[in-house]
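S.K.: Have a peek at query30.tsv (TSV, C-alpha atoms).
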```
chain	number	residue	atom	x	y	z
A	19	MET	CA	0.85	-8.51	17.56
A	20	ASP	CA	0.52	-7.41	21.20
A	21	GLY	CA	-0.34	-3.88	20.08
A	22	LEU	CA	-3.35	-5.17	18.12
A	23	LYS	CA	-4.93	-7.71	20.40
A	24	HIS	CA	-7.06	-5.33	22.45
A	25	PHE	CA	-8.54	-3.51	19.43
A	26	LYS	CA	-11.57	-5.03	17.69
A	27	ALA	CA	-11.68	-3.33	14.30
A	28	GLN	CA	-14.93	-2.89	12.42
A	29	ALA	CA	-12.88	-2.38	9.27
A	30	ILE	CA	-9.24	-2.68	8.24
A	31	ILE	CA	-7.80	-0.41	5.55
A	32	PHE	CA	-4.72	-1.90	3.91
A	33	ASP	CA	-2.07	-0.17	1.87
A	34	LYS	CA	-1.24	-2.26	-1.21
A	35	ASP	CA	2.44	-2.27	-2.22
A	36	GLY	CA	4.76	-3.26	0.61
A	37	THR	CA	1.82	-4.27	2.77
A	38	LEU	CA	-0.23	-6.82	0.83
A	39	ILE	CA	2.35	-7.48	-1.88
A	40	ASP	CA	6.14	-7.30	-2.14
A	41	PHE	CA	7.06	-3.71	-3.00
A	42	ASP	CA	10.55	-4.35	-4.37
A	43	ALA	CA	9.37	-7.19	-6.62
A	44	MET	CA	6.63	-4.97	-8.08
A	45	TRP	CA	8.43	-1.65	-8.47
A	46	GLY	CA	12.18	-2.28	-8.56
A	47	GLY	CA	12.04	-4.31	-11.75
A	48	TRP	CA	9.67	-1.75	-13.26
A	49	VAL	CA	12.17	1.11	-12.83
A	50	LEU	CA	14.90	-0.89	-14.54
A	51	TYR	CA	12.61	-1.96	-17.39
A	52	LEU	CA	11.37	1.60	-17.88
A	53	ALA	CA	14.98	2.86	-18.00
A	54	GLU	CA	15.76	0.24	-20.62
A	55	GLN	CA	12.82	1.34	-22.76
A	56	LEU	CA	13.73	5.02	-22.51
A	57	SER	CA	17.37	4.32	-23.35
A	58	SER	CA	16.35	2.36	-26.43
A	59	ILE	CA	14.16	5.19	-27.68
A	60	SER	CA	16.44	8.12	-26.82
A	61	GLY	CA	19.91	6.63	-27.22
A	62	LEU	CA	20.83	8.05	-23.79
A	63	ARG	CA	22.09	6.30	-20.67
A	64	VAL	CA	19.01	6.60	-18.47
A	65	ARG	CA	19.32	3.87	-15.85
A	66	GLU	CA	21.50	5.53	-13.22
A	67	ALA	CA	19.71	8.89	-13.36
A	68	LEU	CA	16.24	7.36	-13.26
A	69	CYS	CA	17.07	5.06	-10.33
A	70	GLU	CA	18.50	7.98	-8.38
A	71	ALA	CA	15.50	10.22	-9.09
A	72	MET	CA	12.98	7.50	-8.26
A	73	GLY	CA	14.78	6.34	-5.12
A	74	TYR	CA	15.81	2.82	-6.10
A	75	ASP	CA	19.12	1.30	-4.96
A	76	GLU	CA	20.39	-1.01	-7.71
A	77	VAL	CA	23.01	-2.58	-5.44
A	78	SER	CA	20.65	-3.69	-2.67
A	79	LYS	CA	17.71	-4.04	-5.09
A	80	LYS	CA	15.61	-2.04	-2.62
A	81	VAL	CA	13.21	0.86	-2.96
A	82	LEU	CA	14.37	3.62	-0.59
A	83	ALA	CA	11.91	4.56	2.15
A	84	GLN	CA	12.25	8.30	1.63
A	85	GLY	CA	12.38	8.13	-2.16
A	86	LYS	CA	9.64	9.24	-4.53
A	87	LEU	CA	8.94	5.71	-5.75
A	88	ALA	CA	7.88	4.71	-2.23
A	89	SER	CA	4.85	6.98	-2.01
A	90	ARG	CA	4.26	9.13	-5.11
A	91	PRO	CA	1.28	8.37	-7.39
A	92	MET	CA	1.88	7.31	-10.99
A	93	GLY	CA	1.05	10.74	-12.40
A	94	GLN	CA	3.87	12.31	-10.41
A	95	LEU	CA	6.30	9.52	-11.33
A	96	TYR	CA	5.50	10.15	-14.99
A	97	GLN	CA	6.32	13.85	-14.63
A	98	LEU	CA	9.47	12.99	-12.69
A	99	THR	CA	10.57	10.76	-15.58
A	100	VAL	CA	10.05	13.62	-18.04
A	101	GLU	CA	12.22	15.82	-15.83
A	102	VAL	CA	14.96	13.17	-15.76
A	103	MET	CA	14.99	13.04	-19.55
A	104	GLN	CA	15.28	16.84	-19.69
A	105	GLU	CA	18.19	16.74	-17.25
A	106	LEU	CA	19.89	14.26	-19.58
A	107	GLY	CA	19.82	16.88	-22.35
A	108	LEU	CA	16.49	16.56	-24.14
A	109	SER	CA	14.23	19.53	-24.77
A	110	SER	CA	10.87	19.67	-23.02
A	111	MET	CA	9.10	18.50	-26.19
A	112	GLN	CA	11.60	15.71	-26.85
A	113	ALA	CA	11.40	14.48	-23.24
A	114	GLU	CA	7.60	14.37	-23.36
A	115	ARG	CA	7.68	12.43	-26.62
A	116	VAL	CA	10.24	9.87	-25.40
A	117	VAL	CA	8.46	9.24	-22.11
A	118	GLU	CA	5.10	8.95	-23.85
A	119	GLN	CA	6.56	6.29	-26.17
A	120	GLY	CA	8.41	4.38	-23.47
A	121	TRP	CA	6.02	4.65	-20.55
A	122	CYS	CA	4.56	1.50	-19.06
A	123	ILE	CA	3.11	0.40	-15.74
A	124	PRO	CA	4.11	-2.64	-13.65
A	125	ASN	CA	2.33	-5.82	-14.63
A	126	PRO	CA	0.26	-6.56	-11.49
A	127	VAL	CA	-0.49	-10.10	-12.60
A	128	GLU	CA	3.11	-11.17	-13.21
A	129	LEU	CA	4.81	-9.09	-10.50
A	130	ALA	CA	2.38	-9.14	-7.56
A	131	LYS	CA	3.83	-11.42	-4.87
A	132	PRO	CA	1.49	-11.62	-1.85
A	133	LEU	CA	3.08	-11.38	1.59
A	134	THR	CA	0.61	-13.83	3.12
A	135	ASP	CA	-2.15	-16.22	2.10
A	136	THR	CA	-4.41	-13.27	1.37
A	137	ARG	CA	-7.58	-15.22	0.57
A	138	THR	CA	-7.40	-17.16	3.83
A	139	LEU	CA	-6.67	-14.06	5.90
A	140	PHE	CA	-9.46	-12.03	4.33
A	141	SER	CA	-11.91	-14.88	4.71
A	142	LYS	CA	-11.10	-15.07	8.42
A	143	LEU	CA	-11.52	-11.31	8.83
A	144	GLN	CA	-14.83	-11.39	7.01
A	145	ASP	CA	-16.02	-14.23	9.26
A	146	GLN	CA	-15.40	-11.90	12.21
A	147	GLY	CA	-17.53	-9.18	10.62
A	148	ILE	CA	-14.52	-7.02	9.76
A	149	GLN	CA	-14.83	-5.10	6.51
A	150	ILE	CA	-11.77	-4.91	4.26
A	151	ALA	CA	-10.64	-1.95	2.15
A	152	ILE	CA	-7.53	-0.80	0.30
A	153	ALA	CA	-6.04	2.71	0.11
A	154	THR	CA	-3.16	2.96	-2.35
A	155	ALA	CA	-1.00	5.54	-4.10
A	156	ASP	CA	-1.21	3.35	-7.20
A	157	ASP	CA	-3.84	3.89	-9.89
A	158	HIS	CA	-7.24	2.22	-10.17
A	159	ALA	CA	-6.62	-0.10	-13.14
A	160	PRO	CA	-3.51	-1.88	-11.79
A	161	THR	CA	-5.09	-2.10	-8.33
A	162	GLN	CA	-8.18	-3.77	-9.79
A	163	ALA	CA	-5.92	-6.11	-11.77
A	164	MET	CA	-3.98	-7.07	-8.61
A	165	ILE	CA	-7.21	-7.76	-6.72
A	166	GLU	CA	-8.36	-10.04	-9.52
A	167	ALA	CA	-4.95	-11.72	-9.81
A	168	LEU	CA	-4.96	-12.58	-6.10
A	169	ASP	CA	-8.59	-13.71	-6.35
A	170	ILE	CA	-9.71	-11.54	-3.41
A	171	GLU	CA	-12.37	-9.42	-5.09
A	172	GLU	CA	-15.19	-10.98	-3.08
A	173	PHE	CA	-13.62	-9.81	0.19
A	174	ILE	CA	-12.87	-6.17	-0.71
A	175	SER	CA	-15.68	-3.83	0.33
A	176	THR	CA	-14.12	-0.81	-1.42
A	177	PHE	CA	-10.80	0.68	-2.47
A	178	VAL	CA	-9.44	4.13	-3.28
A	179	CYS	CA	-6.55	5.00	-5.57
A	180	ALA	CA	-4.36	7.91	-6.59
A	181	ASP	CA	-6.34	8.64	-9.76
A	182	ASP	CA	-9.76	8.66	-8.07
A	183	GLY	CA	-9.71	12.43	-7.55
A	184	ILE	CA	-9.26	12.09	-3.78
A	185	PRO	CA	-6.34	13.85	-2.04
A	186	SER	CA	-3.68	11.19	-1.51
A	187	LYS	CA	-1.55	10.20	1.48
A	188	PRO	CA	-0.64	11.64	3.95
A	189	GLU	CA	-3.89	13.61	3.74
A	190	PRO	CA	-6.79	11.95	5.64
A	191	ASP	CA	-9.21	11.92	2.69
A	192	MET	CA	-8.68	8.32	1.54
A	193	VAL	CA	-9.47	6.94	4.99
A	194	LEU	CA	-12.40	9.29	5.50
A	195	THR	CA	-13.83	8.40	2.08
A	196	ILE	CA	-13.62	4.68	2.83
A	197	CYS	CA	-15.19	5.14	6.27
A	198	LYS	CA	-18.07	7.07	4.74
A	199	ARG	CA	-18.64	4.36	2.13
A	200	LEU	CA	-18.57	1.64	4.77
A	201	ASN	CA	-20.60	3.67	7.29
A	202	VAL	CA	-17.90	3.11	9.92
A	203	ASP	CA	-16.54	5.55	12.51
A	204	PRO	CA	-12.81	6.12	11.80
A	205	ALA	CA	-12.16	5.45	15.50
A	206	LYS	CA	-13.27	1.84	14.86
A	207	VAL	CA	-10.89	1.38	11.92
A	208	MET	CA	-7.39	-0.09	11.74
A	209	VAL	CA	-5.08	1.28	9.04
A	210	ILE	CA	-2.05	-0.81	8.02
A	211	GLY	CA	0.78	0.48	5.85
A	212	ASP	CA	4.52	0.36	5.28
A	213	THR	CA	5.29	4.10	5.01
A	214	ALA	CA	5.09	7.13	7.25
A	215	SER	CA	2.58	8.58	4.77
A	216	ASP	CA	0.20	5.69	5.45
A	217	LEU	CA	0.42	6.23	9.19
A	218	LYS	CA	0.19	10.02	9.00
A	219	MET	CA	-2.95	9.57	6.92
A	220	ALA	CA	-4.39	7.27	9.58
A	221	ARG	CA	-3.60	9.69	12.38
A	222	ALA	CA	-4.99	12.69	10.48
A	223	ALA	CA	-8.25	10.82	9.86
A	224	GLY	CA	-8.63	9.83	13.52
A	225	ALA	CA	-8.25	6.11	12.85
A	226	GLY	CA	-8.50	3.92	15.93
A	227	LEU	CA	-5.21	2.15	15.26
A	228	ALA	CA	-2.33	3.06	12.93
A	229	VAL	CA	-0.25	-0.07	12.31
A	230	GLY	CA	3.16	0.05	10.66
A	231	VAL	CA	4.29	-3.02	8.76
A	232	LEU	CA	8.00	-3.77	8.26
A	233	SER	CA	7.61	-5.85	5.10
A	234	GLY	CA	7.84	-2.82	2.82
A	235	VAL	CA	10.20	0.09	2.29
A	236	SER	CA	10.42	1.50	5.82
A	237	SER	CA	12.38	0.61	8.95
A	238	THR	CA	11.29	0.68	12.57
A	239	LYS	CA	13.04	4.05	12.88
A	240	HIS	CA	10.91	5.57	10.12
A	241	LEU	CA	7.59	4.11	11.28
A	242	MET	CA	7.79	4.15	15.08
A	243	PRO	CA	7.07	7.91	15.55
A	244	HIS	CA	3.77	7.56	13.68
A	245	ALA	CA	2.57	4.07	14.64
A	246	ASP	CA	0.39	2.77	17.45
A	247	ALA	CA	1.79	-0.69	16.78
A	248	LEU	CA	4.36	-2.36	14.52
A	249	ILE	CA	4.20	-5.81	12.94
A	250	GLU	CA	6.70	-7.63	10.74
A	251	SER	CA	4.15	-8.58	8.13
A	252	VAL	CA	0.40	-8.84	7.57
A	253	ASP	CA	0.99	-12.55	8.05
A	254	GLU	CA	0.78	-11.76	11.79
A	255	LEU	CA	-2.89	-10.85	11.33
A	256	HIS	CA	-3.77	-14.55	11.17
A	257	ALA	CA	-2.95	-14.71	14.88
A	258	TYR	CA	-4.93	-11.49	15.50
A	259	VAL	CA	-8.10	-12.79	13.89
A	260	GLU	CA	-7.74	-16.17	15.59
A	261	ALA	CA	-7.51	-14.37	18.94
A	262	LEU	CA	-10.71	-12.49	18.08
A	263	ALA	CA	-12.51	-15.72	17.28
A	264	GLU	CA	-11.26	-17.34	20.50
A	265	HIS	CA	-12.36	-14.33	22.54
A	266	GLU	CA	-15.83	-14.35	20.98
A	267	SER	CA	-16.18	-18.09	21.61
A	268	HIS	CA	-15.21	-17.57	25.25
A	269	LEU	CA	-17.85	-14.85	25.67
A	270	LYS	CA	-20.54	-17.04	24.12
A	271	GLN	CA	-19.65	-19.98	26.34
A	272	ASN	CA	-20.03	-17.75	29.38
A	273	GLY	CA	-23.27	-16.16	28.20
A	274	LEU	CA	-21.69	-12.72	27.79
A	275	ASN	CA	-22.40	-10.05	25.17
A	276	THR	CA	-20.12	-10.69	22.19
A	277	ASP	CA	-20.37	-6.98	21.27
A	278	PHE	CA	-18.39	-6.15	24.41
A	279	ALA	CA	-15.13	-4.35	23.66
A	280	PHE	CA	-12.29	-6.71	22.83
```
How does this structure look as structure tokens?

M.R.:
Amino acid sequence: MDGLKHFKAQAIIFDKDGTLIDFDAMWGGWVLYLAEQLSSISGLRVREALCEAMGYDEVSKKVLAQGKLASRPMGQLYQLTVEVMQELGLSSMQAERVVEQGWCIPNPVELAKPLTDTRTLFSKLQDQGIQIAIATADDHAPTQAMIEALDIEEFISTFVCADDGIPSKPEPDMVLTICKRLNVDPAKVMVIGDTASDLKMARAAGAGLAVGVLSGVSSTKHLMPHADALIESVDELHAYVEALAEHESHLKQNGLNTDFAF
């Protein structure tokens, strides 16, 4: 939290999986279910190969930080699955057919487990005049469904997804697109994410603060080289926004300009 307290953001851009919601709960079970579906259709043993290709450790039940599942968009994961089926002995045409029949996406309503009281946090941020956005490597439809499931639609100013036709992380385009929509200078924006790709995106866009969060797939070792600050979870932002409110109250009591840098 100490790394945040002197930065008054005009907007905060959140990653979704691993930052706002539990990554392993959302995606780990999905890989296993998908493998089950593909095995049923093809008659092949898919589970081990698919987990290895995706970057999911069945023993620890964790998504691996450097694995493809941690940061690749759904379109690339689909193609990866086709390649796995080919490696298991199917022809290109057979692999495409099996994956098309077995493909599914995670259920964002059943599987989304928020890592904080998101409505309360976003309400507090909004009260401080901080705009809220989401930049995710997931697709638009499941992201919209998650937003509705968590009942936070009223607080989200905008969001960008992997299938929006915008270059994805670690390219700066998602952040720059959001900043343009919100009419905010990137230097006044805080970006929060659980992967190096999130933080590289923030740095490339010139974001004012790149914050790594340890609630997702990455360790301190993976995030530290790219982060201006590290937090355990977005739950720590409750203290951040309360400090902002206290600071503003102090300025008002002393007749000072509340627009003064925090």

S.K.: Between CA of Leu50 (chain A) and CA of Arg63 (chain A), what is the distance in Å, rounded to a tenth?

M.R.: 11.9 Å

S.K.: Which residue gives the smallest distance to Cys122 (chain A) among A:Ala155, A:Arg65, A:Met103, A:Trp45, with all atoms listed in the file counted?

M.R.: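 Comparing A:Ala155, A:Arg65, A:Met103, A:Trp45 against Cys122 (chain A), the winner is A:Trp45.
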
S.K.: Please provide the set of residues having any atom within 12 Å of Leu62 (chain A), restricted to only C-alpha atoms, with same-chain residues fewer than 2 positions apart removed, written as number ranges by chain.

M.R.: A: 53-60, 64-68, 102-108, 113, 116

S.K.: For CA of Ala261 (chain A) and CA of Phe25 (chain A), quote the distance in Å rounded to one decimal.

M.R.: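 CA of Phe25 (chain A) lies 10.9 Å from CA of Ala261 (chain A).
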
S.K.: First collect every listed atom of region 72-81 of chain A; then fit an axis-aligned box around them, widen it by 6 Å on each side, and give centre and edge lengths in Å to one decimal, as lines of an AutoDock Vina configuration file.

M.R.:
```
center_x = 18.0
center_y = 1.7
center_z = -5.4
size_x = 22.0
size_y = 23.5
size_z = 17.6
```

S.K.: At what distance in Å, to one decimal, does CA of Ile165 (chain A) lie from CA of Phe140 (chain A)?

M.R.: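 The value is 12.1 Å.
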
S.K.: Using all atoms listed in the file for the distances, tell me which of A:Asp216, A:Asp191, A:Asp145, A:Asp35 is nearest to Phe173 (chain A).

M.R.: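 Of the candidates, the smallest distance to Phe173 (chain A) is held by A:Asp145.
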
S.K.: Around (3.6, 5.2, 14.3) in the file's frame, which residues reach within 10 Å when counting only C-alpha atoms? Return as a PyMOL selection string?

M.R.: chain A and resi 213-214+216-218+220-221+227-231+238-248

S.K.: Selection from above, C-alpha atoms, as a compact mmCIF listing (two decimals), in the frame of the given file, can you write it?

M.R.:
```
# COMPACT_ATOMS: atom_id res chain seq x y z
CA THR A 213 5.29 4.10 5.01
CA ALA A 214 5.09 7.13 7.25
CA ASP A 216 0.20 5.69 5.45
CA LEU A 217 0.42 6.23 9.19
CA LYS A 218 0.19 10.02 9.00
CA ALA A 220 -4.39 7.27 9.58
CA ARG A 221 -3.60 9.69 12.38
CA LEU A 227 -5.21 2.15 15.26
CA ALA A 228 -2.33 3.06 12.93
CA VAL A 229 -0.25 -0.07 12.31
CA GLY A 230 3.16 0.05 10.66
CA VAL A 231 4.29 -3.02 8.76
CA THR A 238 11.29 0.68 12.57
CA LYS A 239 13.04 4.05 12.88
CA HIS A 240 10.91 5.57 10.12
CA LEU A 241 7.59 4.11 11.28
CA MET A 242 7.79 4.15 15.08
CA PRO A 243 7.07 7.91 15.55
CA HIS A 244 3.77 7.56 13.68
CA ALA A 245 2.57 4.07 14.64
CA ASP A 246 0.39 2.77 17.45
CA ALA A 247 1.79 -0.69 16.78
CA LEU A 248 4.36 -2.36 14.52
```

S.K.: Considering all atoms listed in the file, return as a PyMOL selection string whatever protein or nucleic-acid residues lie within 9 Å of Ser215 (chain A), sequence-local ones (same chain, fewer than 3 positions apart) excluded.

M.R.: chain A and resi 89+187-189+211-212+218-220

S.K.: Show which residues sit within 12 Å of Gln28 (chain A), as a PDB file with C-alpha atoms, in the frame of the given file. Count only C-alpha atoms, and ignore same-chain residues fewer than 2 positions away.

M.R.:
```pdb
ATOM      1  CA  PHE A  25      -8.540  -3.510  19.430  1.00  0.00           C
ATOM      2  CA  LYS A  26     -11.570  -5.030  17.690  1.00  0.00           C
ATOM      3  CA  ILE A  30      -9.240  -2.680   8.240  1.00  0.00           C
ATOM      4  CA  ILE A  31      -7.800  -0.410   5.550  1.00  0.00           C
ATOM      5  CA  LEU A 143     -11.520 -11.310   8.830  1.00  0.00           C
ATOM      6  CA  GLN A 144     -14.830 -11.390   7.010  1.00  0.00           C
ATOM      7  CA  ASP A 145     -16.020 -14.230   9.260  1.00  0.00           C
ATOM      8  CA  GLN A 146     -15.400 -11.900  12.210  1.00  0.00           C
ATOM      9  CA  GLY A 147     -17.530  -9.180  10.620  1.00  0.00           C
ATOM     10  CA  ILE A 148     -14.520  -7.020   9.760  1.00  0.00           C
ATOM     11  CA  GLN A 149     -14.830  -5.100   6.510  1.00  0.00           C
ATOM     12  CA  ILE A 150     -11.770  -4.910   4.260  1.00  0.00           C
ATOM     13  CA  ALA A 151     -10.640  -1.950   2.150  1.00  0.00           C
ATOM     14  CA  CYS A 197     -15.190   5.140   6.270  1.00  0.00           C
ATOM     15  CA  LEU A 200     -18.570   1.640   4.770  1.00  0.00           C
ATOM     16  CA  ASN A 201     -20.600   3.670   7.290  1.00  0.00           C
ATOM     17  CA  VAL A 202     -17.900   3.110   9.920  1.00  0.00           C
ATOM     18  CA  ASP A 203     -16.540   5.550  12.510  1.00  0.00           C
ATOM     19  CA  PRO A 204     -12.810   6.120  11.800  1.00  0.00           C
ATOM     20  CA  ALA A 205     -12.160   5.450  15.500  1.00  0.00           C
ATOM     21  CA  LYS A 206     -13.270   1.840  14.860  1.00  0.00           C
ATOM     22  CA  VAL A 207     -10.890   1.380  11.920  1.00  0.00           C
ATOM     23  CA  MET A 208      -7.390  -0.090  11.740  1.00  0.00           C
ATOM     24  CA  VAL A 209      -5.080   1.280   9.040  1.00  0.00           C
ATOM     25  CA  ALA A 225      -8.250   6.110  12.850  1.00  0.00           C
ATOM     26  CA  GLY A 226      -8.500   3.920  15.930  1.00  0.00           C
ATOM     27  CA  LEU A 227      -5.210   2.150  15.260  1.00  0.00           C
ATOM     28  CA  LEU A 262     -10.710 -12.490  18.080  1.00  0.00           C
ATOM     29  CA  ASP A 277     -20.370  -6.980  21.270  1.00  0.00           C
ATOM     30  CA  ALA A 279     -15.130  -4.350  23.660  1.00  0.00           C
ATOM     31  CA  PHE A 280     -12.290  -6.710  22.830  1.00  0.00           C
TER      32      PHE A 280
END
```

S.K.: Using all atoms listed in the file, can you tell me which of A:Gly183, A:Gly73, A:Pro126, A:Gly85 comes closest to Leu168 (chain A)?

M.R.: A:Pro126

S.K.: Go ahead and find all residues with at least one atom no further than 8 Å from (2.7, -10.3, 1.8) in the file's coordinates, using only C-alpha atoms; report them as a compact mmCIF listing (two decimals) with C-alpha atoms, keeping the file's coordinate frame.

M.R.:
```txt
# COMPACT_ATOMS: atom_id res chain seq x y z
CA GLY A 36 4.76 -3.26 0.61
CA THR A 37 1.82 -4.27 2.77
CA LEU A 38 -0.23 -6.82 0.83
CA ILE A 39 2.35 -7.48 -1.88
CA ASP A 40 6.14 -7.30 -2.14
CA LYS A 131 3.83 -11.42 -4.87
CA PRO A 132 1.49 -11.62 -1.85
CA LEU A 133 3.08 -11.38 1.59
CA THR A 134 0.61 -13.83 3.12
CA ASP A 135 -2.15 -16.22 2.10
CA THR A 136 -4.41 -13.27 1.37
CA SER A 233 7.61 -5.85 5.10
CA SER A 251 4.15 -8.58 8.13
CA VAL A 252 0.40 -8.84 7.57
CA ASP A 253 0.99 -12.55 8.05
```

S.K.: For a quick check of understanding, using only C-alpha atoms, which of A:Ala163, A:Leu87, A:Ala27, A:Val193 has the smallest distance to Ala130 (chain A)?

M.R.: A:Ala163

S.K.: When you count only C-alpha atoms, which of these residues is closest to Met192 (chain A): A:Val127, A:Val77, A:Ala153, A:Leu52?

M.R.: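 Among the listed residues, A:Ala153 lies closest to Met192 (chain A).
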
S.K.: Could you complete region 205-228 of chain A so that it carries N, CA and C atoms, and give it back as a CSV table (one decimal), keeping the file's coordinate frame?

M.R.:
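Result file part-v4.csv:
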```csv
chain,number,residue,atom,x,y,z
A,205,ALA,N,-12.7,5.9,14.2
A,205,ALA,CA,-12.2,5.4,15.5
A,205,ALA,C,-12.3,3.9,15.6
A,206,LYS,N,-13.1,3.3,14.8
A,206,LYS,CA,-13.3,1.8,14.9
A,206,LYS,C,-12.5,1.1,13.7
A,207,VAL,N,-11.6,1.9,13.1
A,207,VAL,CA,-10.9,1.4,11.9
A,207,VAL,C,-9.4,1.2,12.2
A,208,MET,N,-8.8,0.1,11.7
A,208,MET,CA,-7.4,-0.1,11.7
A,208,MET,C,-6.8,0.2,10.4
A,209,VAL,N,-5.8,1.0,10.3
A,209,VAL,CA,-5.1,1.3,9.0
A,209,VAL,C,-3.7,0.6,9.1
A,210,ILE,N,-3.3,-0.1,8.1
A,210,ILE,CA,-2.0,-0.8,8.0
A,210,ILE,C,-1.3,-0.4,6.8
A,211,GLY,N,0.0,0.1,7.0
A,211,GLY,CA,0.8,0.5,5.8
A,211,GLY,C,2.3,0.4,6.2
A,212,ASP,N,3.1,0.5,5.1
A,212,ASP,CA,4.5,0.4,5.3
A,212,ASP,C,5.3,1.7,5.2
A,213,THR,N,4.6,2.8,5.1
A,213,THR,CA,5.3,4.1,5.0
A,213,THR,C,4.7,5.1,6.0
A,214,ALA,N,5.5,6.1,6.3
A,214,ALA,CA,5.1,7.1,7.2
A,214,ALA,C,3.9,7.8,6.7
A,215,SER,N,3.8,7.9,5.4
A,215,SER,CA,2.6,8.6,4.8
A,215,SER,C,1.3,7.8,5.1
A,216,ASP,N,1.4,6.5,5.1
A,216,ASP,CA,0.2,5.7,5.4
A,216,ASP,C,-0.3,6.0,6.9
A,217,LEU,N,0.7,6.1,7.8
A,217,LEU,CA,0.4,6.2,9.2
A,217,LEU,C,0.0,7.7,9.5
A,218,LYS,N,0.6,8.6,8.8
A,218,LYS,CA,0.2,10.0,9.0
A,218,LYS,C,-1.2,10.2,8.5
A,219,MET,N,-1.6,9.6,7.4
A,219,MET,CA,-3.0,9.6,6.9
A,219,MET,C,-3.9,9.0,8.0
A,220,ALA,N,-3.5,7.9,8.6
A,220,ALA,CA,-4.4,7.3,9.6
A,220,ALA,C,-4.6,8.2,10.8
A,221,ARG,N,-3.5,8.8,11.2
A,221,ARG,CA,-3.6,9.7,12.4
A,221,ARG,C,-4.5,10.9,12.1
A,222,ALA,N,-4.2,11.5,10.9
A,222,ALA,CA,-5.0,12.7,10.5
A,222,ALA,C,-6.5,12.4,10.4
A,223,ALA,N,-6.8,11.2,10.0
A,223,ALA,CA,-8.2,10.8,9.9
A,223,ALA,C,-8.9,10.4,11.2
A,224,GLY,N,-8.1,10.3,12.2
A,224,GLY,CA,-8.6,9.8,13.5
A,224,GLY,C,-8.9,8.3,13.6
A,225,ALA,N,-8.1,7.6,12.8
A,225,ALA,CA,-8.2,6.1,12.8
A,225,ALA,C,-8.0,5.6,14.2
A,226,GLY,N,-8.7,4.5,14.6
A,226,GLY,CA,-8.5,3.9,15.9
A,226,GLY,C,-7.1,3.3,16.2
A,227,LEU,N,-6.5,2.8,15.1
A,227,LEU,CA,-5.2,2.2,15.3
A,227,LEU,C,-4.4,2.3,14.0
A,228,ALA,N,-3.2,2.9,14.1
A,228,ALA,CA,-2.3,3.1,12.9
A,228,ALA,C,-1.2,2.0,13.1
```
